[in-house]
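Each remark here refers to the structure printed beneath this line.
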Amino acid sequence: MELLTNIGLNHYLTISALLFGFGLFAVMTRKNAIVILMGVELILNAANINFLAFSKFNGGMEGVMFSLFVIVLAAAEAAVGLAIVINIYKIFRSVDVSTIDTMKE
Amino acid sequence: MNNATFVTIFYIFAAITVFSAAFVVFSKNVIYSAFALLFTFFGAAALYVFLSADFIAVTQIVVYVGGILVLLLFGVMFTNSIMQADLKTDVLHVVPGTLLLVATVGGLLFTFYTTGTWKPSEVQLQGSVVERIGIETMSRYVLPFEMASILLLAALIGAAFLARYDNVHNNEH
């Protein structure tokens with residue numbers, strides 16, 4: 001009971017591990033490219049939670065700064081990823097990643 | 001801070017985050033996934049407030065909910081015909097994916113809970129860290145800060161170039 005009521009590092013790590021697992025599952029099993037991008041966002045959020053949890057319990061600022069840069073990278077990744085997905089849709093008329101099997105039109 | 005209210009609110013936000021993330025992954029409808037992702041981002045932002053990183057929480061809401069989620073919704077709307085109600089998404093490799101999910105989460109949790117105990121530092125982050133973020137950005141992290149701006153410029157140009165209206169290609173069809 002004390003483990004449940006005393007919020008420590010392990011609670012945050014558990015949430016982060018679950019988010020990471022779900023993101024990995026989405027990337028592995030979904031056919032829709034946009035849901036795969038959502039899975040990548042889940043993985044990045046899991047990494048952010050880890051960074052901030054360790055930063056909080058370590059007392060340093062490194063994790064906080066890193067999580068800021070992770071958010072910047074996630075924004076850039078989403079923009080470029082969506083542009084690629086929309087190009088794929090223009091060419092193949094589908095965002096099903098299992099039907100995309102050619103490198104050229 | 002470890003009173004009953006704090007613990008209850010923490011578990012509520014943790015449950016929101018985890019269950020909406022599960023809904024993102026296991027829902028068959030892409031639109032439902034996108035809207036469940038909204039709750040995941042808000043729950044994660046609330047957890048960041050618990051970790052005394054309020055600035056990161058606000059940034060999370062502005063960038064993820066205001067930017068990335070809108071982009072993803074645009075992607076869903078562009079690449080699916082709403083009228084034909086064909087927003088379903090199929091799955092493949094379900095069994096290996098489930099095995100990987102169980103193995104990854106199980107392995108991580110087993111490692112967290114069995115290999116010793118984390119010893120928190122004497123000095124933990126307390127209160128707001130906005131001022132310290134400003135000082136660190138302009139001192140130790142000024143080079144990564146500038147590199148992030150160059151990366152964002154490159155991503156801006158690259159995304160605009162990739163998604164531009166292609167005259168040649170559209171004339172062919």
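Going through the structure tokens in order, the chains are called A, B, and so on, while each chain numbers its residues from 1 and the ligands are numbered from 1 in the order shown.
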
_Need the shell around range 54-60 of chain B: protein/DNA/RNA residues with any atom at most 10 Å away, counting only C-alpha atoms. Skip same-chain ones fewer than 3 positions apart. Format as a PyMOL selection string?_
(chain A and resi 45+48+52+64-65+67-68+71-72) or (chain B and resi 41-51+63-67+127-131+133)

*Report as a PyMOL selection string the set of chain A residues whose atoms approach chain B to within 6 Å, with distances computed over only C-alpha atoms.*
chain A and resi 17+21+25-26+28-32+56-59+76+80+83

*Assign secondary structure with DSSP using the backbone only, and return the residues of chain B in alpha helix (DSSP H) as a PyMOL selection string.*
chain B and resi 4-26+30-50+54-60+69-79+94-114+130-138+142-162+167-172
